[in-house]
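So this block is coords_33.json, JSON, C-alpha atoms:
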```json
[["chain", "number", "residue", "atom", "x", "y", "z"],
["A", 152, "MET", "CA", -34.41, 0.46, 62.66],
["A", 153, "LYS", "CA", -33.62, 0.66, 58.97],
["A", 154, "ARG", "CA", -36.49, 1.01, 56.54],
["A", 155, "CYS", "CA", -36.61, -0.53, 53.14],
["A", 156, "ALA", "CA", -38.92, 0.24, 50.25],
["A", 157, "LEU", "CA", -40.00, -2.81, 48.33],
["A", 158, "PHE", "CA", -41.32, -2.20, 44.90],
["A", 159, "THR", "CA", -42.31, -4.46, 42.08],
["A", 160, "VAL", "CA", -42.17, -3.58, 38.45],
["A", 161, "ALA", "CA", -44.21, -5.50, 35.92],
["A", 162, "VAL", "CA", -43.64, -4.93, 32.25],
["A", 163, "ALA", "CA", -45.71, -6.31, 29.39],
["A", 164, "ALA", "CA", -45.11, -6.02, 25.66],
["A", 165, "ALA", "CA", -48.44, -7.03, 24.14],
["A", 166, "ILE", "CA", -51.16, -4.82, 25.60],
["A", 167, "PRO", "CA", -54.29, -4.22, 23.52],
["A", 168, "PRO", "CA", -54.83, -0.56, 22.49],
["A", 169, "SER", "CA", -58.04, -0.42, 24.53],
["A", 170, "VAL", "CA", -56.02, -1.01, 27.70],
["A", 171, "ARG", "CA", -53.29, 1.54, 26.90],
["A", 172, "CYS", "CA", -55.30, 4.51, 28.14],
["A", 173, "ASP", "CA", -53.68, 7.09, 30.40],
["A", 174, "ARG", "CA", -53.87, 5.52, 33.86],
["A", 175, "ARG", "CA", -50.74, 7.01, 35.45],
["A", 176, "ARG", "CA", -52.19, 7.04, 38.93],
["A", 177, "GLY", "CA", -53.24, 3.39, 38.79],
["A", 178, "LEU", "CA", -50.09, 2.21, 37.05],
["A", 179, "HIS", "CA", -47.83, 3.45, 39.84],
["A", 180, "PHE", "CA", -50.05, 2.93, 42.86],
["A", 181, "ARG", "CA", -48.35, 4.03, 46.09],
["A", 182, "ALA", "CA", -44.99, 4.50, 44.33],
["A", 183, "THR", "CA", -43.17, 7.77, 44.94],
["A", 184, "PRO", "CA", -41.00, 9.31, 42.21],
["A", 185, "THR", "CA", -37.94, 7.90, 44.04],
["A", 186, "GLU", "CA", -39.46, 4.43, 43.79],
["A", 187, "ARG", "CA", -39.93, 4.84, 40.02],
["A", 188, "PRO", "CA", -36.37, 5.25, 38.69],
["A", 189, "PRO", "CA", -35.93, 5.62, 34.92],
["A", 190, "SER", "CA", -34.50, 2.10, 34.70],
["A", 191, "VAL", "CA", -34.57, -0.94, 36.95],
["A", 192, "PRO", "CA", -33.12, -4.45, 36.81],
["A", 193, "GLY", "CA", -35.05, -6.45, 34.22],
["A", 194, "ASP", "CA", -35.89, -3.57, 31.86],
["A", 195, "GLU", "CA", -33.84, -5.29, 29.16],
["A", 196, "ILE", "CA", -36.22, -8.27, 29.10],
["A", 197, "VAL", "CA", -39.06, -6.35, 27.46],
["A", 198, "ALA", "CA", -37.23, -3.44, 25.85],
["A", 199, "ASP", "CA", -40.24, -2.18, 23.87],
["A", 200, "ALA", "CA", -42.74, -2.41, 26.72],
["A", 201, "ALA", "CA", -46.14, -0.92, 25.98],
["A", 202, "ILE", "CA", -46.93, -0.61, 29.66],
["A", 203, "GLN", "CA", -45.01, -0.57, 32.94],
["A", 204, "THR", "CA", -46.55, -0.66, 36.39],
["A", 205, "THR", "CA", -44.99, -0.05, 39.78],
["A", 206, "ARG", "CA", -46.38, -0.96, 43.19],
["A", 207, "ALA", "CA", -44.47, 0.09, 46.29],
["A", 208, "ILE", "CA", -44.66, -0.32, 50.04],
["A", 209, "THR", "CA", -42.33, 0.74, 52.82],
["A", 210, "ILE", "CA", -41.39, -1.95, 55.31],
["A", 211, "VAL", "CA", -39.71, -1.05, 58.58],
["A", 212, "ALA", "CA", -36.98, -3.66, 58.23],
["A", 213, "PRO", "CA", -33.59, -3.97, 56.55],
["A", 214, "PRO", "CA", -33.27, -5.76, 53.19],
["A", 215, "ALA", "CA", -31.74, -8.79, 54.95],
["A", 216, "ALA", "CA", -35.03, -9.36, 56.79],
["A", 217, "ILE", "CA", -37.17, -9.04, 53.64],
["A", 218, "TRP", "CA", -35.04, -11.02, 51.17],
["A", 219, "PRO", "CA", -35.83, -14.50, 52.63],
["A", 220, "TRP", "CA", -39.54, -13.91, 51.94],
["A", 221, "LEU", "CA", -38.87, -12.93, 48.31],
["A", 222, "VAL", "CA", -36.37, -15.65, 47.41],
["A", 223, "GLN", "CA", -38.72, -18.44, 48.56],
["A", 224, "MET", "CA", -41.60, -17.30, 46.32],
["A", 225, "GLY", "CA", -43.04, -19.63, 43.71],
["A", 226, "PRO", "CA", -45.68, -22.31, 43.14],
["A", 227, "SER", "CA", -45.98, -25.35, 45.43],
["A", 228, "PRO", "CA", -43.95, -26.57, 47.16],
["A", 229, "ARG", "CA", -42.41, -23.06, 47.37],
["A", 230, "ALA", "CA", -43.98, -20.27, 49.46],
["A", 231, "GLY", "CA", -46.51, -18.75, 47.04],
["A", 232, "VAL", "CA", -46.61, -15.09, 46.00],
["A", 233, "TYR", "CA", -48.32, -13.61, 49.07],
["A", 234, "THR", "CA", -51.54, -12.63, 47.33],
["A", 235, "TYR", "CA", -55.01, -14.02, 47.75],
["A", 236, "ASP", "CA", -55.06, -17.83, 47.48],
["A", 237, "TRP", "CA", -58.44, -17.70, 45.74],
["A", 238, "ILE", "CA", -56.93, -15.74, 42.84],
["A", 239, "GLU", "CA", -54.32, -18.43, 42.18],
["A", 240, "ARG", "CA", -56.88, -21.21, 42.49],
["A", 241, "ARG", "CA", -59.17, -19.39, 40.05],
["A", 242, "LEU", "CA", -56.28, -19.16, 37.58],
["A", 243, "GLY", "CA", -55.44, -22.84, 38.08],
["A", 244, "ILE", "CA", -52.07, -22.13, 39.66],
["A", 245, "ASP", "CA", -50.86, -24.49, 42.39],
["A", 246, "ILE", "CA", -49.97, -21.90, 45.02],
["A", 247, "ALA", "CA", -50.39, -21.86, 48.77],
["A", 248, "ASN", "CA", -48.91, -18.85, 50.53],
["A", 249, "SER", "CA", -46.55, -19.45, 53.44],
["A", 250, "ASP", "CA", -46.61, -17.56, 56.71],
["A", 251, "ARG", "CA", -43.05, -18.52, 57.66],
["A", 252, "ILE", "CA", -39.53, -18.64, 56.23],
["A", 253, "LEU", "CA", -38.85, -21.96, 54.49],
["A", 254, "PRO", "CA", -35.12, -22.79, 54.87],
["A", 255, "GLU", "CA", -35.20, -25.28, 51.97],
["A", 256, "PHE", "CA", -36.14, -22.49, 49.51],
["A", 257, "GLN", "CA", -33.59, -19.81, 50.40],
["A", 258, "HIS", "CA", -31.60, -20.13, 47.20],
["A", 259, "LEU", "CA", -32.46, -19.34, 43.58],
["A", 260, "ASP", "CA", -30.33, -19.41, 40.45],
["A", 261, "ALA", "CA", -30.86, -17.51, 37.23],
["A", 262, "GLY", "CA", -32.42, -19.88, 34.71],
["A", 263, "GLU", "CA", -34.68, -21.75, 37.14],
["A", 264, "PHE", "CA", -38.23, -22.22, 35.82],
["A", 265, "PHE", "CA", -41.48, -22.33, 37.79],
["A", 266, "ALA", "CA", -44.38, -23.91, 35.92],
["A", 267, "LEU", "CA", -47.68, -22.15, 36.63],
["A", 268, "ASN", "CA", -49.88, -24.71, 34.89],
["A", 269, "LYS", "CA", -50.15, -28.46, 35.01],
["A", 270, "GLY", "CA", -48.62, -28.92, 31.55],
["A", 271, "GLY", "CA", -45.56, -26.89, 32.53],
["A", 272, "THR", "CA", -45.63, -24.65, 29.45],
["A", 273, "ASN", "CA", -46.69, -21.42, 31.16],
["A", 274, "GLY", "CA", -44.51, -20.11, 33.92],
["A", 275, "LEU", "CA", -41.79, -17.86, 35.27],
["A", 276, "THR", "CA", -38.06, -18.04, 34.59],
["A", 277, "VAL", "CA", -35.66, -16.52, 37.11],
["A", 278, "ARG", "CA", -33.59, -14.01, 35.13],
["A", 279, "ARG", "CA", -31.65, -12.18, 37.83],
["A", 280, "VAL", "CA", -30.88, -12.75, 41.50],
["A", 281, "ASP", "CA", -29.04, -9.96, 43.33],
["A", 282, "PRO", "CA", -29.32, -11.01, 46.99],
["A", 283, "GLU", "CA", -31.00, -8.39, 49.19],
["A", 284, "GLN", "CA", -31.37, -6.10, 46.14],
["A", 285, "ALA", "CA", -33.36, -7.50, 43.21],
["A", 286, "LEU", "CA", -35.20, -10.58, 42.02],
["A", 287, "VAL", "CA", -36.26, -10.49, 38.36],
["A", 288, "LEU", "CA", -38.62, -13.03, 36.80],
["A", 289, "GLU", "CA", -39.71, -13.38, 33.16],
["A", 290, "ARG", "CA", -43.08, -14.82, 32.27],
["A", 291, "THR", "CA", -43.43, -16.96, 29.16],
["A", 292, "ALA", "CA", -46.17, -14.58, 27.99],
["A", 293, "GLY", "CA", -43.58, -11.85, 27.29],
["A", 294, "SER", "CA", -43.51, -9.86, 30.49],
["A", 295, "SER", "CA", -41.20, -9.36, 33.45],
["A", 296, "TRP", "CA", -41.74, -9.03, 37.16],
["A", 297, "ALA", "CA", -39.02, -7.38, 39.24],
["A", 298, "PHE", "CA", -38.91, -7.20, 43.04],
["A", 299, "ILE", "CA", -36.51, -4.48, 44.09],
["A", 300, "LEU", "CA", -35.39, -3.62, 47.62],
["A", 301, "LEU", "CA", -34.43, 0.00, 47.95],
["A", 302, "PRO", "CA", -32.95, 0.87, 51.38],
["A", 303, "GLU", "CA", -34.04, 4.23, 52.80],
["A", 304, "GLU", "CA", -32.29, 6.44, 55.31],
["A", 305, "GLY", "CA", -33.88, 7.18, 58.67]]
```
What does this structure look like when you write it as structure tokens?
Amino acid sequence: MKRCALFTVAVAAAIPPSVRCDRRRGLHFRATPTERPPSVPGDEIVADAAIQTTRAITIVAPPAAIWPWLVQMGPSPRAGVYTYDWIERRLGIDIANSDRILPEFQHLDAGEFFALNKGGTNGLTVRRVDPEQALVLERTAGSSWAFILLPEEG
């Protein structure tokens, strides 16, 4: 079976100096050098990023099997972001994570906006959708979040 590395890249522009300490190991947790290419889709959103983090996992599945889970992400009624529900509730975000593929949320277009607060002013804008390759989101707070599927051989 094909394997696919999924990695996310989060980039933020405004990071206080006290947070900018050398934390290479923590910033790229579980990401191999191959999973940290010099540029990735979405880098142009925050060109002068003060910090970039990469998280990576290897999933024994082809990109076609992983993509449906990524493209349906988002606040209710979408499928959540597959983290801990208590974190979203604590932040006041209306998210409930799904444990199944939701056919009604298998399409995204660049420009779509997901409000993360009740007033609708804080949220994520879909910036790039490359099916089975990359999903790039931009947060209103001046950061980006890229989900990249990188097929591996073997």
- Item | Neighbours of point (-43.4, -17.2, 42.4) within 9 Å, using only C-alpha atoms, written as a ChimeraX atom specification | /A:221-226,229-232,246,265,267,275,288
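Among the candidates A:Leu259, A:Leu253, A:Ala212, A:Ala285, the residue lying nearest to Glu303 of chain A is A:Ala212 (atoms considered: only C-alpha atoms).
Minimum atom-to-atom distance to Ala266 of chain A, evaluated using only C-alpha atoms, belongs to A:Ser227 out of A:Ser227, A:Ser294, A:Ser249, A:Thr209.
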What separates atom CA of Pro192 of chain A and atom CA of Ala207 of chain A is a distance of 15.5 Å
List every protein, DNA or RNA residue with an atom no more than 8 Å from (-27.5, -8.5, 52.3) in the file's coordinates, counting only C-alpha atoms, and format the result as a PyMOL selection string. chain A and resi 214-215+282-284
Now that the selection is made, can you save its residues with C-alpha atoms as a compact mmCIF listing (two decimals), in the coordinates of the input?
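Saved the output as selection.txt:
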```
# COMPACT_ATOMS: atom_id res chain seq x y z
CA PRO A 214 -33.27 -5.76 53.19
CA ALA A 215 -31.74 -8.79 54.95
CA PRO A 282 -29.32 -11.01 46.99
CA GLU A 283 -31.00 -8.39 49.19
CA GLN A 284 -31.37 -6.10 46.14
```
Between atom CA of Arg279 of chain A and atom CA of Val191 of chain A lies a distance of 11.6 Å
